[in-house]
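Here's the structure we're looking at; comments come further down.
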Amino acid sequence: MAVDGRLRAVVALAQAMAAAQTSRESWRAAALGACGALAGSFAALSVWERERGRLRVLVNAGERAPDEEEFPESEAYPVNRFPEITEFLHERWAGGGEPEAWVETATGPATSGHGYCHQRVAALRRRGRGCCVVAPIVLHGRAWGELYVARPEGSPVFDRDDADFATVLASVVAAGIAQTERLEEVRRLAFTDPLTGLANRRAVDTRLDEALERHRADGSVVSLVVCDVNGLKQVNDTQGHAVGDRLLERFGSVLSLCGAMLPGALVARLGGDEFCLVAVGPSADEVVDVADELCVRAKGLELGQGVACGVASTGDPIGEVHSARRLFRLADAAQYRAKAARSPKPVVAGRDGTVMRLADSPPRSAQDRRRFRDARPEESEEEPWSEP
């Protein structure tokens, strides 16, 4: 490939990886871009998992053999079968050399200097490939993994220029992977509560919108559990906010444990002492049982005074639920009833006669939801949304 063609290939690879929204899209773009740039028929991207001592394949692209999946779940190889990972990549590069690609063929090494004729050569023969070029990927100053591109039997063997070009492509791939990791970290932080590590309100809103679309499409049961940690203010006032934060963290762990009892459930901290759980699929009774277990475990914490818990589920007689806001209002009303009655068990919308009326009282302002939750038990329940 001429210099101009290779330059265009580098630009195209960088653009494709920049456009990727997920790690998988980034891996695929890297493999396909390198495969095309080097006129290969197959390419793979692998990561060196140091803690497990293995080279794990992330993606196989191009003309795959019958035993090669695009995104393999368990294709990994002990690094002692690929000693260049620990010997060449680490010792030579870390010793001051530059990372560079090398070529191997089905009949043995095509270039001198490394002499690795082992598992890769056997794999080339087994899969009908004539040669491959392997380029180390260096990320954050460390050997991260490798880029592998192969050609079929009968095709021209990769030469030194191809290997040098593969080294350039590997550096572009490294930059793309670093960008994807940064974007995913930003996304993770955007949907995560920093104190507890649970999901945040933004994540809950997104999950509920998706869940209700599924409910409208196939009738899947959608359930929302809303709970307030009792006694947080007293803990903060008497023992300090650091102790209060520990209470929130401990309750978050309890909520996570209980949420794991419902497949696919999302557990979140909404803010302050407010938490919730979203479940899609399990029956209303299953969700109520888990909420009951949550109340029991929260009561057993050494800090706080248990939890007030409300449940709203499309599996109960609560009428049509057209929006996440409606489900939240029902769960909020149930939680308010639990708090007002100091109930040791969850209150469930549709099973408590007053919850529907409370939820259907028209709000007066954007802060009414907070006022509704903070209302004192002795206040009149006839007009829970009235202005003070």
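Ordered as shown in the structure tokens, chains take letters A, B, and onward, while each chain numbers its residues from 1 and ligands are numbered from 1 in the order shown.
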Filtered DSSP result for segment 71-274 of chain A, state helix (DSSP H, G or I), as a compact mmCIF listing (two decimals) with N, CA, C and O atoms, in the first residue's frame:
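Result file follows (part_9.txt):
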# COMPACT_ATOMS: atom_id res chain seq x y z
N VAL A 79 0.00 -17.19 29.32
CA VAL A 79 1.09 -16.43 28.70
C VAL A 79 2.36 -17.24 28.56
O VAL A 79 3.23 -16.90 27.75
N ASN A 80 2.48 -18.34 29.31
CA ASN A 80 3.69 -19.15 29.14
C ASN A 80 3.71 -19.86 27.79
O ASN A 80 4.75 -20.33 27.35
N ARG A 81 2.54 -19.90 27.12
CA ARG A 81 2.51 -20.45 25.77
C ARG A 81 2.80 -19.37 24.72
O ARG A 81 2.96 -19.67 23.56
N ILE A 85 4.94 -12.21 25.21
CA ILE A 85 4.18 -11.26 26.03
C ILE A 85 5.01 -10.84 27.25
O ILE A 85 5.13 -9.66 27.56
N THR A 86 5.56 -11.81 27.95
CA THR A 86 6.31 -11.47 29.16
C THR A 86 7.78 -11.18 28.88
O THR A 86 8.41 -10.40 29.58
N GLU A 87 8.34 -11.82 27.86
CA GLU A 87 9.77 -11.64 27.58
C GLU A 87 10.02 -10.45 26.67
O GLU A 87 10.68 -9.48 27.05
N PHE A 88 9.45 -10.50 25.48
CA PHE A 88 9.72 -9.43 24.52
C PHE A 88 9.04 -8.12 24.92
O PHE A 88 9.69 -7.08 25.04
N LEU A 89 7.74 -8.18 25.16
CA LEU A 89 7.03 -6.94 25.46
C LEU A 89 7.56 -6.28 26.72
O LEU A 89 7.77 -5.07 26.77
N HIS A 90 7.77 -7.06 27.75
CA HIS A 90 8.19 -6.45 29.02
C HIS A 90 9.68 -6.14 29.03
O HIS A 90 10.08 -4.99 29.22
N GLU A 91 10.52 -7.18 28.82
CA GLU A 91 11.95 -6.99 29.00
C GLU A 91 12.54 -6.04 27.96
O GLU A 91 13.29 -5.13 28.29
N ARG A 92 12.19 -6.26 26.70
CA ARG A 92 12.80 -5.42 25.66
C ARG A 92 12.24 -4.00 25.71
O ARG A 92 12.97 -3.02 25.72
N TRP A 93 10.92 -3.89 25.79
CA TRP A 93 10.33 -2.55 25.75
C TRP A 93 10.61 -1.79 27.04
O TRP A 93 11.03 -0.64 27.04
N ALA A 94 10.39 -2.46 28.18
CA ALA A 94 10.62 -1.79 29.46
C ALA A 94 12.09 -1.45 29.66
O ALA A 94 12.44 -0.54 30.40
N GLN A 119 2.90 -21.79 19.48
CA GLN A 119 1.46 -21.88 19.38
C GLN A 119 0.90 -21.10 18.20
O GLN A 119 -0.05 -21.54 17.57
N ARG A 120 1.44 -19.97 17.90
CA ARG A 120 0.90 -19.17 16.79
C ARG A 120 1.08 -19.90 15.47
O ARG A 120 0.20 -19.87 14.61
N VAL A 121 2.23 -20.51 15.30
CA VAL A 121 2.50 -21.23 14.06
C VAL A 121 1.53 -22.41 13.92
O VAL A 121 0.95 -22.64 12.84
N ALA A 122 1.32 -23.12 15.01
CA ALA A 122 0.38 -24.24 14.98
C ALA A 122 -1.03 -23.75 14.65
O ALA A 122 -1.78 -24.39 13.91
N ALA A 123 -1.40 -22.59 15.22
CA ALA A 123 -2.73 -22.03 14.95
C ALA A 123 -2.88 -21.61 13.50
O ALA A 123 -3.94 -21.80 12.89
N LEU A 124 -1.83 -21.04 12.92
CA LEU A 124 -1.87 -20.66 11.50
C LEU A 124 -2.13 -21.88 10.63
O LEU A 124 -2.99 -21.86 9.74
N ARG A 125 -1.41 -22.94 10.88
CA ARG A 125 -1.58 -24.16 10.09
C ARG A 125 -2.97 -24.75 10.27
O ARG A 125 -3.62 -25.16 9.32
N ARG A 126 -3.43 -24.78 11.52
CA ARG A 126 -4.73 -25.39 11.83
C ARG A 126 -5.87 -24.64 11.16
O ARG A 126 -6.88 -25.25 10.76
N ARG A 160 8.89 -6.54 6.40
CA ARG A 160 9.29 -5.63 7.46
C ARG A 160 8.51 -4.32 7.42
O ARG A 160 8.16 -3.76 8.47
N ASP A 161 8.20 -3.83 6.23
CA ASP A 161 7.40 -2.61 6.13
C ASP A 161 6.01 -2.81 6.72
O ASP A 161 5.47 -1.92 7.38
N ASP A 162 5.44 -4.00 6.47
CA ASP A 162 4.12 -4.30 7.04
C ASP A 162 4.19 -4.33 8.56
O ASP A 162 3.29 -3.83 9.26
N ALA A 163 5.27 -4.91 9.09
CA ALA A 163 5.41 -4.98 10.54
C ALA A 163 5.55 -3.58 11.13
O ALA A 163 4.96 -3.27 12.17
N ASP A 164 6.33 -2.73 10.46
CA ASP A 164 6.47 -1.35 10.96
C ASP A 164 5.14 -0.62 10.93
O ASP A 164 4.81 0.15 11.84
N PHE A 165 4.37 -0.86 9.86
CA PHE A 165 3.06 -0.22 9.75
C PHE A 165 2.12 -0.75 10.83
O PHE A 165 1.33 0.00 11.42
N ALA A 166 2.22 -2.05 11.12
CA ALA A 166 1.39 -2.63 12.18
C ALA A 166 1.71 -2.00 13.53
O ALA A 166 0.82 -1.79 14.36
N THR A 167 2.97 -1.65 13.75
CA THR A 167 3.36 -0.96 14.99
C THR A 167 2.67 0.39 15.09
O THR A 167 2.19 0.79 16.16
N VAL A 168 2.61 1.11 13.96
CA VAL A 168 1.91 2.40 13.94
C VAL A 168 0.43 2.20 14.23
O VAL A 168 -0.18 2.93 15.03
N LEU A 169 -0.17 1.20 13.58
CA LEU A 169 -1.59 0.93 13.79
C LEU A 169 -1.87 0.59 15.26
O LEU A 169 -2.88 1.01 15.83
N ALA A 170 -0.97 -0.16 15.88
CA ALA A 170 -1.15 -0.52 17.29
C ALA A 170 -1.15 0.71 18.18
O ALA A 170 -1.89 0.77 19.18
N SER A 171 -0.33 1.71 17.84
CA SER A 171 -0.32 2.93 18.65
C SER A 171 -1.62 3.70 18.49
O SER A 171 -2.13 4.31 19.45
N VAL A 172 -2.21 3.67 17.27
CA VAL A 172 -3.50 4.31 17.05
C VAL A 172 -4.59 3.57 17.84
O VAL A 172 -5.47 4.19 18.45
N VAL A 173 -4.52 2.24 17.82
CA VAL A 173 -5.48 1.44 18.57
C VAL A 173 -5.37 1.75 20.07
O VAL A 173 -6.39 1.89 20.77
N ALA A 174 -4.15 1.88 20.58
CA ALA A 174 -3.96 2.20 22.00
C ALA A 174 -4.62 3.53 22.35
O ALA A 174 -5.28 3.65 23.39
N ALA A 175 -4.45 4.53 21.48
CA ALA A 175 -5.07 5.83 21.74
C ALA A 175 -6.59 5.72 21.73
O ALA A 175 -7.28 6.33 22.56
N GLY A 176 -7.13 4.91 20.81
CA GLY A 176 -8.58 4.72 20.75
C GLY A 176 -9.12 4.01 21.97
O GLY A 176 -10.18 4.36 22.50
N ILE A 177 -8.40 3.00 22.45
CA ILE A 177 -8.83 2.28 23.64
C ILE A 177 -8.81 3.20 24.86
O ILE A 177 -9.73 3.19 25.68
N ALA A 178 -7.77 4.04 24.96
CA ALA A 178 -7.69 4.98 26.08
C ALA A 178 -8.88 5.94 26.06
O ALA A 178 -9.47 6.24 27.11
N GLN A 179 -9.26 6.40 24.87
CA GLN A 179 -10.40 7.31 24.78
C GLN A 179 -11.69 6.62 25.18
O GLN A 179 -12.51 7.18 25.92
N THR A 180 -11.88 5.38 24.73
CA THR A 180 -13.08 4.64 25.09
C THR A 180 -13.16 4.41 26.59
O THR A 180 -14.23 4.53 27.20
N GLU A 181 -12.02 4.09 27.21
CA GLU A 181 -12.00 3.89 28.66
C GLU A 181 -12.39 5.16 29.39
O GLU A 181 -13.12 5.12 30.38
N ARG A 182 -11.90 6.30 28.90
CA ARG A 182 -12.26 7.58 29.55
C ARG A 182 -13.75 7.85 29.42
O ARG A 182 -14.40 8.28 30.38
N LEU A 183 -14.29 7.61 28.22
CA LEU A 183 -15.72 7.85 28.01
C LEU A 183 -16.57 6.95 28.89
O LEU A 183 -17.57 7.38 29.46
N GLU A 184 -16.17 5.69 29.00
CA GLU A 184 -16.95 4.76 29.82
C GLU A 184 -16.86 5.14 31.29
O GLU A 184 -17.82 4.97 32.04
N GLU A 185 -15.72 5.66 31.72
CA GLU A 185 -15.59 6.10 33.10
C GLU A 185 -16.49 7.31 33.36
O GLU A 185 -17.15 7.39 34.41
N VAL A 186 -16.54 8.22 32.39
CA VAL A 186 -17.43 9.38 32.52
C VAL A 186 -18.88 8.92 32.60
O VAL A 186 -19.67 9.40 33.43
N ARG A 187 -19.26 7.99 31.73
CA ARG A 187 -20.63 7.47 31.76
C ARG A 187 -20.92 6.78 33.08
O ARG A 187 -22.01 6.92 33.66
N ARG A 188 -19.96 6.01 33.56
CA ARG A 188 -20.16 5.31 34.82
C ARG A 188 -20.39 6.31 35.96
O ARG A 188 -21.30 6.14 36.77
N LEU A 189 -19.56 7.35 36.00
CA LEU A 189 -19.71 8.35 37.05
C LEU A 189 -21.03 9.10 36.93
O LEU A 189 -21.64 9.48 37.93
N ALA A 190 -21.49 9.30 35.70
CA ALA A 190 -22.74 10.02 35.48
C ALA A 190 -23.95 9.25 35.99
O ALA A 190 -24.99 9.84 36.30
N ARG A 201 -30.11 8.70 40.58
CA ARG A 201 -31.46 8.97 40.08
C ARG A 201 -31.51 8.96 38.56
O ARG A 201 -32.49 8.50 37.96
N ARG A 202 -30.47 9.45 37.90
CA ARG A 202 -30.46 9.44 36.44
C ARG A 202 -30.55 8.01 35.91
O ARG A 202 -31.28 7.72 34.96
N ALA A 203 -29.82 7.10 36.53
CA ALA A 203 -29.86 5.70 36.10
C ALA A 203 -31.24 5.10 36.33
O ALA A 203 -31.75 4.31 35.52
N VAL A 204 -31.87 5.46 37.45
CA VAL A 204 -33.21 4.96 37.75
C VAL A 204 -34.21 5.45 36.71
O VAL A 204 -35.04 4.67 36.20
N ASP A 205 -34.17 6.73 36.38
CA ASP A 205 -35.10 7.27 35.39
C ASP A 205 -34.94 6.55 34.05
O ASP A 205 -35.93 6.22 33.39
N THR A 206 -33.70 6.32 33.65
CA THR A 206 -33.45 5.62 32.39
C THR A 206 -33.99 4.21 32.43
O THR A 206 -34.66 3.75 31.50
N ARG A 207 -33.71 3.48 33.53
CA ARG A 207 -34.19 2.10 33.65
C ARG A 207 -35.71 2.03 33.68
O ARG A 207 -36.31 1.16 33.05
N LEU A 208 -36.34 2.93 34.40
CA LEU A 208 -37.80 2.90 34.48
C LEU A 208 -38.45 3.19 33.13
O LEU A 208 -39.43 2.55 32.76
N ASP A 209 -37.90 4.15 32.39
CA ASP A 209 -38.44 4.44 31.06
C ASP A 209 -38.36 3.21 30.17
O ASP A 209 -39.32 2.85 29.47
N GLU A 210 -37.22 2.53 30.20
CA GLU A 210 -37.05 1.31 29.39
C GLU A 210 -37.98 0.21 29.88
O GLU A 210 -38.58 -0.52 29.07
N ALA A 211 -38.11 0.09 31.20
CA ALA A 211 -38.95 -0.96 31.77
C ALA A 211 -40.41 -0.77 31.41
O ALA A 211 -41.11 -1.75 31.09
N LEU A 212 -40.88 0.46 31.45
CA LEU A 212 -42.29 0.70 31.13
C LEU A 212 -42.57 0.51 29.65
O LEU A 212 -43.68 0.12 29.27
N GLU A 213 -41.59 0.77 28.81
CA GLU A 213 -41.75 0.45 27.38
C GLU A 213 -41.93 -1.05 27.21
O GLU A 213 -42.78 -1.51 26.44
N ARG A 214 -41.14 -1.82 27.92
CA ARG A 214 -41.27 -3.28 27.87
C ARG A 214 -42.62 -3.72 28.43
O ARG A 214 -43.26 -4.63 27.89
N HIS A 215 -43.06 -3.07 29.52
CA HIS A 215 -44.36 -3.40 30.12
C HIS A 215 -45.49 -3.17 29.11
O HIS A 215 -46.39 -4.01 28.98
N ARG A 216 -45.41 -2.07 28.39
CA ARG A 216 -46.45 -1.79 27.39
C ARG A 216 -46.38 -2.76 26.22
O ARG A 216 -47.41 -3.08 25.62
N ALA A 217 -45.18 -3.25 25.92
CA ALA A 217 -45.02 -4.15 24.78
C ALA A 217 -45.44 -5.58 25.09
O ALA A 217 -46.12 -6.22 24.27
N ASP A 218 -45.05 -6.08 26.26
CA ASP A 218 -45.32 -7.50 26.52
C ASP A 218 -45.94 -7.78 27.89
O ASP A 218 -46.10 -8.94 28.29
N LEU A 232 -31.49 9.11 60.23
CA LEU A 232 -30.22 9.62 59.71
C LEU A 232 -29.89 10.99 60.31
O LEU A 232 -28.75 11.24 60.70
N LYS A 233 -30.89 11.87 60.43
CA LYS A 233 -30.63 13.20 60.97
C LYS A 233 -30.12 13.12 62.41
O LYS A 233 -29.19 13.84 62.79
N GLN A 234 -30.71 12.25 63.19
CA GLN A 234 -30.26 12.11 64.58
C GLN A 234 -28.82 11.62 64.63
O GLN A 234 -28.02 12.09 65.44
N VAL A 235 -28.47 10.68 63.77
CA VAL A 235 -27.10 10.18 63.72
C VAL A 235 -26.15 11.31 63.34
O VAL A 235 -25.09 11.50 63.94
N ASN A 236 -26.52 12.07 62.31
CA ASN A 236 -25.68 13.20 61.89
C ASN A 236 -25.50 14.22 63.01
O ASN A 236 -24.40 14.74 63.22
N ASP A 237 -26.60 14.53 63.72
CA ASP A 237 -26.56 15.56 64.75
C ASP A 237 -25.79 15.13 65.99
O ASP A 237 -25.14 15.96 66.65
N THR A 238 -25.86 13.84 66.31
CA THR A 238 -25.24 13.38 67.57
C THR A 238 -23.88 12.74 67.38
O THR A 238 -23.03 12.79 68.28
N GLN A 239 -23.64 12.14 66.21
CA GLN A 239 -22.37 11.42 66.00
C GLN A 239 -21.55 11.96 64.84
O GLN A 239 -20.42 11.50 64.64
N HIS A 241 -21.45 13.69 60.61
CA HIS A 241 -21.82 13.28 59.26
C HIS A 241 -21.00 12.10 58.75
O HIS A 241 -21.47 11.35 57.89
N ALA A 242 -19.78 11.93 59.24
CA ALA A 242 -18.98 10.78 58.82
C ALA A 242 -19.66 9.48 59.24
O ALA A 242 -19.70 8.50 58.47
N VAL A 243 -20.24 9.48 60.45
CA VAL A 243 -20.97 8.30 60.93
C VAL A 243 -22.26 8.15 60.14
O VAL A 243 -22.67 7.04 59.78
N GLY A 244 -22.92 9.28 59.82
CA GLY A 244 -24.12 9.22 59.00
C GLY A 244 -23.84 8.64 57.62
O GLY A 244 -24.62 7.84 57.10
N ASP A 245 -22.69 9.03 57.06
CA ASP A 245 -22.31 8.47 55.76
C ASP A 245 -22.09 6.97 55.86
O ASP A 245 -22.43 6.21 54.94
N ARG A 246 -21.53 6.54 56.99
CA ARG A 246 -21.31 5.10 57.17
C ARG A 246 -22.65 4.36 57.23
O ARG A 246 -22.78 3.24 56.70
N LEU A 247 -23.64 4.97 57.85
CA LEU A 247 -24.98 4.37 57.88
C LEU A 247 -25.53 4.23 56.47
O LEU A 247 -26.07 3.18 56.10
N LEU A 248 -25.39 5.27 55.67
CA LEU A 248 -25.88 5.21 54.29
C LEU A 248 -25.14 4.13 53.48
O LEU A 248 -25.76 3.40 52.70
N GLU A 249 -23.84 4.03 53.70
CA GLU A 249 -23.07 3.01 52.99
C GLU A 249 -23.50 1.61 53.42
O GLU A 249 -23.64 0.71 52.58
N ARG A 250 -23.69 1.42 54.72
CA ARG A 250 -24.12 0.11 55.22
C ARG A 250 -25.49 -0.25 54.68
O ARG A 250 -25.72 -1.40 54.27
N PHE A 251 -26.42 0.72 54.68
CA PHE A 251 -27.73 0.42 54.15
C PHE A 251 -27.65 0.13 52.64
O PHE A 251 -28.35 -0.74 52.13
N GLY A 252 -26.80 0.87 51.94
CA GLY A 252 -26.62 0.61 50.52
C GLY A 252 -26.16 -0.81 50.27
O GLY A 252 -26.61 -1.47 49.31
N SER A 253 -25.29 -1.34 51.13
CA SER A 253 -24.84 -2.72 50.99
C SER A 253 -25.99 -3.70 51.24
O SER A 253 -26.13 -4.70 50.55
N VAL A 254 -26.82 -3.39 52.24
CA VAL A 254 -27.97 -4.24 52.53
C VAL A 254 -28.94 -4.23 51.35
O VAL A 254 -29.46 -5.27 50.94
N LEU A 255 -29.18 -3.05 50.79
CA LEU A 255 -30.07 -2.94 49.65
C LEU A 255 -29.52 -3.72 48.46
O LEU A 255 -30.26 -4.39 47.74
N SER A 256 -28.22 -3.64 48.24
CA SER A 256 -27.59 -4.37 47.15
C SER A 256 -27.76 -5.87 47.33
O SER A 256 -28.06 -6.60 46.39
N LEU A 257 -27.57 -6.33 48.57
CA LEU A 257 -27.73 -7.75 48.86
C LEU A 257 -29.16 -8.21 48.59
O LEU A 257 -29.38 -9.25 47.97
N CYS A 258 -30.12 -7.43 49.04
CA CYS A 258 -31.53 -7.80 48.82
C CYS A 258 -31.90 -7.71 47.34
O CYS A 258 -32.64 -8.55 46.82
N GLY A 259 -31.38 -6.69 46.67
CA GLY A 259 -31.67 -6.55 45.24
C GLY A 259 -31.19 -7.73 44.44
O GLY A 259 -31.78 -8.10 43.42
key: DSSP-assigned strand (DSSP E or B) members of segment 108-348 of chain A, reported as a PyMOL selection string   = chain A and resi 108-109+129-139+142-152+192+199+222-229+266-271+274-280+307-313+347-348
One residue among A:Phe158, A:Ala44, A:Val226, A:Phe71 is nearest to Glu146 of chain A when using only C-alpha atoms, and that residue is A:Ala44
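Closest approach to Val47 of chain A among A:Val321, A:Ile137, A:Ala291, A:Val229 is made by A:Ile137 (distances from only C-alpha atoms).
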Within 12 Å of Lys345 of chain A, counting only C-alpha atoms, which residues show up once you throw out same-chain ones fewer than 6 positions away? Write them as JSON, numbers by chain, please.
{"A": [227, 288, 289, 290, 291, 292, 293, 294, 295, 296, 297, 298, 299, 306, 307, 308, 309, 310, 311, 334, 335, 337, 338, 339]}
Students should find that atom CA of Pro282 of chain A and atom CA of Arg326 of chain A are spaced 19.7 Å
